[in-house]
>>> print(open('entry09.pdb').read())   # PDB, C-alpha atoms
ATOM      1  CA  MET A   1       3.154  45.445  38.827  1.00  0.00           C
ATOM      2  CA  SER A   2       0.259  44.389  41.031  1.00  0.00           C
ATOM      3  CA  TYR A   3       0.738  42.163  44.062  1.00  0.00           C
ATOM      4  CA  PHE A   4      -1.044  39.036  42.808  1.00  0.00           C
ATOM      5  CA  SER A   5       0.363  39.293  39.277  1.00  0.00           C
ATOM      6  CA  GLN A   6       3.713  38.204  40.746  1.00  0.00           C
ATOM      7  CA  PHE A   7       2.340  34.895  42.031  1.00  0.00           C
ATOM      8  CA  PRO A   8       2.688  31.733  39.945  1.00  0.00           C
ATOM      9  CA  LYS A   9      -0.513  30.505  38.312  1.00  0.00           C
ATOM     10  CA  ILE A  10      -2.241  27.210  39.085  1.00  0.00           C
ATOM     11  CA  THR A  11      -5.275  25.487  37.649  1.00  0.00           C
ATOM     12  CA  TYR A  12      -8.148  25.184  40.081  1.00  0.00           C
ATOM     13  CA  ASP A  13     -11.513  23.456  39.884  1.00  0.00           C
ATOM     14  CA  ILE A  14     -13.511  25.574  42.316  1.00  0.00           C
ATOM     15  CA  ALA A  15     -16.828  23.762  41.850  1.00  0.00           C
ATOM     16  CA  GLY A  16     -15.394  20.257  41.501  1.00  0.00           C
ATOM     17  CA  ASN A  17     -17.121  19.833  38.143  1.00  0.00           C
ATOM     18  CA  GLY A  18     -14.047  19.402  35.947  1.00  0.00           C
ATOM     19  CA  LEU A  19     -14.073  23.008  34.694  1.00  0.00           C
ATOM     20  CA  VAL A  20     -10.737  24.463  35.748  1.00  0.00           C
ATOM     21  CA  LYS A  21      -9.633  28.076  35.871  1.00  0.00           C
ATOM     22  CA  VAL A  22      -6.130  29.494  35.908  1.00  0.00           C
ATOM     23  CA  VAL A  23      -5.705  31.544  39.086  1.00  0.00           C
ATOM     24  CA  PRO A  24      -2.843  33.016  41.130  1.00  0.00           C
ATOM     25  CA  ASP A  25      -1.555  30.630  43.806  1.00  0.00           C
ATOM     26  CA  ILE A  26      -2.593  32.811  46.726  1.00  0.00           C
ATOM     27  CA  LEU A  27      -1.445  30.240  49.265  1.00  0.00           C
ATOM     28  CA  ARG A  28       2.186  31.225  48.640  1.00  0.00           C
ATOM     29  CA  ARG A  29       3.820  33.165  51.467  1.00  0.00           C
ATOM     30  CA  VAL A  30       7.058  35.070  51.880  1.00  0.00           C
ATOM     31  CA  LYS A  31       8.519  35.849  55.289  1.00  0.00           C
ATOM     32  CA  ILE A  32      11.113  38.517  55.943  1.00  0.00           C
ATOM     33  CA  LYS A  33      14.298  37.023  57.408  1.00  0.00           C
ATOM     34  CA  SER A  34      14.956  38.049  61.015  1.00  0.00           C
ATOM     35  CA  ALA A  35      18.428  39.346  60.148  1.00  0.00           C
ATOM     36  CA  ILE A  36      16.890  41.744  57.630  1.00  0.00           C
ATOM     37  CA  LYS A  37      13.833  42.628  59.717  1.00  0.00           C
ATOM     38  CA  ASP A  38      16.030  43.538  62.705  1.00  0.00           C
ATOM     39  CA  ASN A  39      18.524  45.612  60.680  1.00  0.00           C
ATOM     40  CA  LEU A  40      17.466  49.119  61.727  1.00  0.00           C
ATOM     41  CA  SER A  41      19.588  50.814  59.051  1.00  0.00           C
ATOM     42  CA  LEU A  42      17.195  49.510  56.355  1.00  0.00           C
ATOM     43  CA  PHE A  43      14.115  51.092  57.890  1.00  0.00           C
ATOM     44  CA  ASP A  44      12.605  54.384  58.918  1.00  0.00           C
ATOM     45  CA  LYS A  45       9.949  54.843  61.570  1.00  0.00           C
ATOM     46  CA  PHE A  46       6.567  56.068  60.406  1.00  0.00           C
ATOM     47  CA  ASP A  47       3.478  57.136  62.355  1.00  0.00           C
ATOM     48  CA  VAL A  48       0.248  56.186  60.597  1.00  0.00           C
ATOM     49  CA  ASN A  49      -2.279  59.024  60.699  1.00  0.00           C
ATOM     50  CA  ASN A  50      -5.919  58.531  61.622  1.00  0.00           C
ATOM     51  CA  GLY A  51      -7.719  56.690  58.833  1.00  0.00           C
ATOM     52  CA  GLU A  52      -4.612  56.311  56.680  1.00  0.00           C
ATOM     53  CA  THR A  53      -4.501  53.106  54.631  1.00  0.00           C
ATOM     54  CA  PRO A  54      -1.471  51.024  53.631  1.00  0.00           C
ATOM     55  CA  GLU A  55      -1.983  52.284  50.064  1.00  0.00           C
ATOM     56  CA  GLU A  56      -1.829  55.911  51.224  1.00  0.00           C
ATOM     57  CA  VAL A  57       1.347  55.262  53.211  1.00  0.00           C
ATOM     58  CA  SER A  58       2.844  53.529  50.170  1.00  0.00           C
ATOM     59  CA  TYR A  59       2.010  56.549  48.014  1.00  0.00           C
ATOM     60  CA  LYS A  60       3.558  58.961  50.537  1.00  0.00           C
ATOM     61  CA  VAL A  61       6.760  56.951  50.854  1.00  0.00           C
ATOM     62  CA  TYR A  62       7.235  55.300  47.441  1.00  0.00           C
ATOM     63  CA  GLY A  63       5.187  57.547  45.134  1.00  0.00           C
ATOM     64  CA  THR A  64       2.746  54.757  44.207  1.00  0.00           C
ATOM     65  CA  THR A  65       0.068  52.705  45.947  1.00  0.00           C
ATOM     66  CA  ASP A  66       1.474  49.513  44.396  1.00  0.00           C
ATOM     67  CA  TYR A  67       3.829  48.734  47.284  1.00  0.00           C
ATOM     68  CA  PHE A  68       1.278  48.570  50.100  1.00  0.00           C
ATOM     69  CA  TYR A  69       2.146  44.883  50.488  1.00  0.00           C
ATOM     70  CA  VAL A  70       5.797  45.743  51.217  1.00  0.00           C
ATOM     71  CA  ILE A  71       4.643  47.804  54.196  1.00  0.00           C
ATOM     72  CA  LEU A  72       2.366  45.012  55.409  1.00  0.00           C
ATOM     73  CA  LEU A  73       5.097  42.355  55.016  1.00  0.00           C
ATOM     74  CA  ILE A  74       7.775  44.420  56.750  1.00  0.00           C
ATOM     75  CA  ASN A  75       5.448  44.965  59.710  1.00  0.00           C
ATOM     76  CA  GLU A  76       4.172  41.362  59.735  1.00  0.00           C
ATOM     77  CA  ILE A  77       0.572  42.471  59.270  1.00  0.00           C
ATOM     78  CA  THR A  78      -1.520  39.586  58.017  1.00  0.00           C
ATOM     79  CA  ASP A  79      -4.941  40.910  59.039  1.00  0.00           C
ATOM     80  CA  ARG A  80      -5.507  44.075  57.112  1.00  0.00           C
ATOM     81  CA  TYR A  81      -8.400  45.234  59.269  1.00  0.00           C
ATOM     82  CA  TYR A  82      -7.337  44.414  62.817  1.00  0.00           C
ATOM     83  CA  GLY A  83      -3.575  44.333  62.265  1.00  0.00           C
ATOM     84  CA  TRP A  84      -3.523  47.840  60.803  1.00  0.00           C
ATOM     85  CA  PRO A  85      -4.489  50.813  63.001  1.00  0.00           C
ATOM     86  CA  LEU A  86      -8.204  51.487  62.916  1.00  0.00           C
ATOM     87  CA  SER A  87      -9.603  54.917  62.130  1.00  0.00           C
ATOM     88  CA  ASP A  88     -10.967  56.740  65.188  1.00  0.00           C
ATOM     89  CA  GLN A  89     -14.532  55.977  64.103  1.00  0.00           C
ATOM     90  CA  ALA A  90     -13.795  52.276  63.477  1.00  0.00           C
ATOM     91  CA  PHE A  91     -11.919  52.092  66.804  1.00  0.00           C
ATOM     92  CA  GLU A  92     -14.870  53.483  68.753  1.00  0.00           C
ATOM     93  CA  GLU A  93     -17.181  50.980  67.074  1.00  0.00           C
ATOM     94  CA  TYR A  94     -14.739  48.123  67.700  1.00  0.00           C
ATOM     95  CA  VAL A  95     -14.463  48.887  71.436  1.00  0.00           C
ATOM     96  CA  LYS A  96     -18.227  49.337  71.741  1.00  0.00           C
ATOM     97  CA  ASN A  97     -18.826  45.931  70.131  1.00  0.00           C
ATOM     98  CA  LYS A  98     -16.055  44.118  72.022  1.00  0.00           C
ATOM     99  CA  TYR A  99     -16.859  45.292  75.565  1.00  0.00           C
ATOM    100  CA  ALA A 100     -20.180  45.584  77.370  1.00  0.00           C
ATOM    101  CA  ASN A 101     -18.508  48.258  79.501  1.00  0.00           C
ATOM    102  CA  PRO A 102     -15.486  49.935  77.862  1.00  0.00           C
ATOM    103  CA  GLY A 103     -14.842  51.890  81.061  1.00  0.00           C
ATOM    104  CA  ALA A 104     -14.561  48.752  83.196  1.00  0.00           C
ATOM    105  CA  ILE A 105     -11.182  47.726  84.540  1.00  0.00           C
ATOM    106  CA  HIS A 106      -9.141  45.602  82.159  1.00  0.00           C
ATOM    107  CA  HIS A 107      -6.153  45.104  84.472  1.00  0.00           C
ATOM    108  CA  TYR A 108      -4.000  46.773  87.106  1.00  0.00           C
ATOM    109  CA  GLU A 109      -0.429  47.925  86.680  1.00  0.00           C
ATOM    110  CA  LYS A 110       2.355  49.802  88.386  1.00  0.00           C
ATOM    111  CA  ILE A 111       5.752  51.222  87.488  1.00  0.00           C
ATOM    112  CA  GLN A 112       8.385  48.501  87.711  1.00  0.00           C
ATOM    113  CA  LEU A 113      11.116  48.822  90.312  1.00  0.00           C
ATOM    114  CA  SER A 114      14.000  47.665  88.115  1.00  0.00           C
ATOM    115  CA  GLY A 115      14.800  48.344  84.493  1.00  0.00           C
ATOM    116  CA  PRO A 116      13.219  51.344  82.800  1.00  0.00           C
ATOM    117  CA  THR A 117      11.070  53.328  85.247  1.00  0.00           C
ATOM    118  CA  THR A 118       9.878  55.952  82.767  1.00  0.00           C
ATOM    119  CA  GLY A 119       8.561  55.770  79.236  1.00  0.00           C
ATOM    120  CA  SER A 120      10.498  57.064  76.250  1.00  0.00           C
ATOM    121  CA  GLY A 121       7.447  58.828  74.861  1.00  0.00           C
ATOM    122  CA  PRO A 122       3.727  59.361  75.307  1.00  0.00           C
ATOM    123  CA  GLU A 123       2.836  55.929  73.876  1.00  0.00           C
ATOM    124  CA  ASP A 124       5.525  53.977  75.740  1.00  0.00           C
ATOM    125  CA  TYR A 125       4.166  51.807  78.548  1.00  0.00           C
ATOM    126  CA  ASP A 126       7.118  49.407  78.782  1.00  0.00           C
ATOM    127  CA  HIS A 127       7.974  50.657  82.262  1.00  0.00           C
ATOM    128  CA  TYR A 128       4.678  49.334  83.660  1.00  0.00           C
ATOM    129  CA  ILE A 129       4.106  45.794  84.879  1.00  0.00           C
ATOM    130  CA  GLU A 130       0.794  44.086  85.444  1.00  0.00           C
ATOM    131  CA  VAL A 131      -0.070  43.491  89.114  1.00  0.00           C
ATOM    132  CA  ASN A 132      -2.955  42.341  91.303  1.00  0.00           C
ATOM    133  CA  SER A 133      -5.535  44.862  92.443  1.00  0.00           C
ATOM    134  CA  THR A 134      -4.313  44.382  96.019  1.00  0.00           C
ATOM    135  CA  ASP A 135      -0.861  45.825  95.254  1.00  0.00           C
ATOM    136  CA  PRO A 136      -0.582  49.174  97.101  1.00  0.00           C
ATOM    137  CA  ASP A 137       0.763  50.930  93.980  1.00  0.00           C
ATOM    138  CA  ALA A 138      -1.741  49.371  91.554  1.00  0.00           C
ATOM    139  CA  GLN A 139      -3.374  51.681  89.023  1.00  0.00           C
ATOM    140  CA  SER A 140      -6.362  50.530  87.028  1.00  0.00           C
ATOM    141  CA  VAL A 141      -6.379  50.464  83.233  1.00  0.00           C
ATOM    142  CA  SER A 142      -9.777  50.445  81.562  1.00  0.00           C
ATOM    143  CA  ASN A 143     -10.756  48.287  78.621  1.00  0.00           C
ATOM    144  CA  TYR A 144     -10.874  51.443  76.510  1.00  0.00           C
ATOM    145  CA  GLU A 145      -7.404  52.607  77.559  1.00  0.00           C
ATOM    146  CA  TYR A 146      -5.979  49.121  77.005  1.00  0.00           C
ATOM    147  CA  GLU A 147      -7.358  48.994  73.441  1.00  0.00           C
ATOM    148  CA  ARG A 148      -6.192  52.572  72.767  1.00  0.00           C
ATOM    149  CA  ARG A 149      -2.657  51.584  73.763  1.00  0.00           C
ATOM    150  CA  LEU A 150      -2.748  48.658  71.331  1.00  0.00           C
ATOM    151  CA  GLN A 151      -3.870  51.028  68.561  1.00  0.00           C
ATOM    152  CA  ASP A 152      -1.085  53.477  69.408  1.00  0.00           C
ATOM    153  CA  LEU A 153       1.456  50.655  69.067  1.00  0.00           C
ATOM    154  CA  LYS A 154       0.011  49.726  65.663  1.00  0.00           C
ATOM    155  CA  ARG A 155       0.378  53.335  64.469  1.00  0.00           C
ATOM    156  CA  GLN A 156       4.155  53.123  64.835  1.00  0.00           C
ATOM    157  CA  ILE A 157       5.364  51.111  61.854  1.00  0.00           C
ATOM    158  CA  LYS A 158       8.608  50.473  60.025  1.00  0.00           C
ATOM    159  CA  ILE A 159       9.084  51.611  56.437  1.00  0.00           C
ATOM    160  CA  LEU A 160      11.708  50.112  54.166  1.00  0.00           C
ATOM    161  CA  ASP A 161      14.072  52.844  53.035  1.00  0.00           C
ATOM    162  CA  PRO A 162      13.096  53.620  49.408  1.00  0.00           C
ATOM    163  CA  SER A 163      16.687  53.080  48.233  1.00  0.00           C
ATOM    164  CA  TYR A 164      16.351  49.371  49.191  1.00  0.00           C
ATOM    165  CA  LEU A 165      12.952  48.899  47.559  1.00  0.00           C
ATOM    166  CA  PRO A 166      14.246  47.574  44.180  1.00  0.00           C
ATOM    167  CA  ILE A 167      16.338  44.919  45.959  1.00  0.00           C
ATOM    168  CA  PHE A 168      13.372  43.921  48.114  1.00  0.00           C
ATOM    169  CA  LEU A 169      11.047  43.689  45.101  1.00  0.00           C
ATOM    170  CA  ASP A 170      13.495  41.495  43.150  1.00  0.00           C
ATOM    171  CA  GLU A 171      13.941  39.160  46.107  1.00  0.00           C
ATOM    172  CA  PHE A 172      10.182  39.002  46.747  1.00  0.00           C
ATOM    173  CA  LYS A 173       9.519  38.077  43.142  1.00  0.00           C
ATOM    174  CA  LYS A 174      12.141  35.291  43.229  1.00  0.00           C
ATOM    175  CA  LEU A 175      10.854  33.867  46.503  1.00  0.00           C
ATOM    176  CA  ILE A 176       7.167  33.959  45.600  1.00  0.00           C
ATOM    177  CA  ARG A 177       7.809  32.100  42.345  1.00  0.00           C
ATOM    178  CA  ARG A 178       9.836  29.244  43.925  1.00  0.00           C
TER     179      ARG A 178
END
>>> encode(input="entry09.pdb", output="structure tokens")
Amino acid sequence: MSYFSQFPKITYDIAGNGLVKVVPDILRRVKIKSAIKDNLSLFDKFDVNNGETPEEVSYKVYGTTDYFYVILLINEITDRYYGWPLSDQAFEEYVKNKYANPGAIHHYEKIQLSGPTTGSGPEDYDHYIEVNSTDPDAQSVSNYEYERRLQDLKRQIKILDPSYLPIFLDEFKKLIRR
């Protein structure tokens, strides 16, 4: 079943000329409850590969491209282009268009003195805090590196365990039709 086929239908006069069409009510939204979203036992971690689309991830995990929207909803991705990790080529173009000088300093940071003082992996920067350039331990982070870190975070998504997919789909259908 396709994503929009689950939405209730409304009549809409797009031109304002009295000729109405029956269309899906695309203004309907469903939000995942915090209690469910934060229940780690329902989800697996997944690293999105370079250039991989939500449809491809859906196919890998659920055996069909039809459930791409489940992945987007679970990860609260509302902007399919900028909310999803960009391909390497699209990323390079994005940075080039966003910054006059991608190598320029974006901000300064240092390792925090309390709490975690090391990362839990190569893409974990939680142990750094932003500081002024005058701080003796300040290290510069370029615009490019800053954007790369954001992309790395986007590559790490949650996937609903396939055994819970039927329950999720039933609930989604009920909520979207209310």
>>> resolve_selection(input="entry09.pdb", expression="the PyMOL selection byres ((chain A and resi 46) around 7)", output="ChimeraX atom specification")
/A:44-45,47-48,156-159
>>> write_last_selection(input="entry09.pdb", atoms="C-alpha atoms", output="compact mmCIF listing (two decimals), keeping the file's coordinate frame")
# COMPACT_ATOMS: atom_id res chain seq x y z
CA ASP A 44 12.60 54.38 58.92
CA LYS A 45 9.95 54.84 61.57
CA ASP A 47 3.48 57.14 62.36
CA VAL A 48 0.25 56.19 60.60
CA GLN A 156 4.16 53.12 64.83
CA ILE A 157 5.36 51.11 61.85
CA LYS A 158 8.61 50.47 60.02
CA ILE A 159 9.08 51.61 56.44
>>> residues_around(input="entry09.pdb", residues="Val20 (chain A)", least_positions_apart="2", cutoff="6 Å", atoms="all atoms listed in the file", output="MDAnalysis selection string")
chainID A and resid 11:13
>>> write_last_selection(input="entry09.pdb", atoms="C-alpha atoms", output="CSV table (one decimal), keeping the file's coordinate frame")
chain,number,residue,atom,x,y,z
A,11,THR,CA,-5.3,25.5,37.6
A,12,TYR,CA,-8.1,25.2,40.1
A,13,ASP,CA,-11.5,23.5,39.9
>>> atom_distance(input="entry09.pdb", atom1="CA of Phe7 (chain A)", atom2="CA of Lys60 (chain A)")
25.6 Å
>>> closest_atom_pairs(input="entry09.pdb", of="region 5-119 of chain A", to="region 124-136 of chain A", cutoff="12 Å", atoms="all atoms listed in the file", output="Markdown table")
| residue | atom | partner | partner_atom | distance |
| --- | --- | --- | --- | --- |
| A:Ile105 | CA | A:Ser133 | CA | 10.1 |
| A:His106 | CA | A:Glu130 | CA | 10.6 |
| A:His107 | CA | A:Glu130 | CA | 7.1 |
| A:Tyr108 | CA | A:Val131 | CA | 5.5 |
| A:Glu109 | CA | A:Glu130 | CA | 4.2 |
| A:Lys110 | CA | A:Tyr128 | CA | 5.3 |
| A:Ile111 | CA | A:Tyr128 | CA | 4.4 |
| A:Gln112 | CA | A:Tyr128 | CA | 5.6 |
| A:Leu113 | CA | A:His127 | CA | 8.8 |
| A:Ser114 | CA | A:His127 | CA | 8.9 |
| A:Gly115 | CA | A:His127 | CA | 7.5 |
| A:Pro116 | CA | A:His127 | CA | 5.3 |
| A:Thr117 | CA | A:His127 | CA | 5.1 |
| A:Thr118 | CA | A:His127 | CA | 5.6 |
| A:Gly119 | CA | A:Asp124 | CA | 5.0 |
>>> resolve_selection(input="entry09.pdb", expression="the PyMOL selection byres ((chain A and resi 73) around 12)", output="MDAnalysis selection string")
chainID A and resid 3 29:33 37 54 67:72 74:80 83:84 157:160 168:169 172
>>> atom_distance(input="entry09.pdb", atom1="CA of Tyr99 (chain A)", atom2="CA of Leu153 (chain A)")
20.2 Å
>>> resolve_selection(input="entry09.pdb", expression="the PyMOL selection byres ((chain A and resi 62) around 10)", output="PyMOL selection string")
chain A and resi 56-61+63-68+159-163+165
>>> closest_residue(input="entry09.pdb", among="A:Ile176, A:Val141, A:Ala90, A:Leu42", to="Tyr164 (chain A)", atoms="all atoms listed in the file")
A:Leu42
>>> closest_residue(input="entry09.pdb", among="A:Val95, A:Leu86, A:Ala138, A:Ile10", to="Asn49 (chain A)", atoms="only C-alpha atoms")
A:Leu86
>>> atom_distance(input="entry09.pdb", atom1="CA of Ala104 (chain A)", atom2="CA of Glu145 (chain A)")
9.9 Å
>>> closest_residue(input="entry09.pdb", among="A:Ser142, A:Leu27, A:Pro85, A:Pro166", to="Thr53 (chain A)", atoms="all atoms listed in the file")
A:Pro85
>>> closest_residue(input="entry09.pdb", among="A:Ala100, A:Leu175, A:Ser87, A:Gln139", to="Asp152 (chain A)", atoms="only C-alpha atoms")
A:Ser87
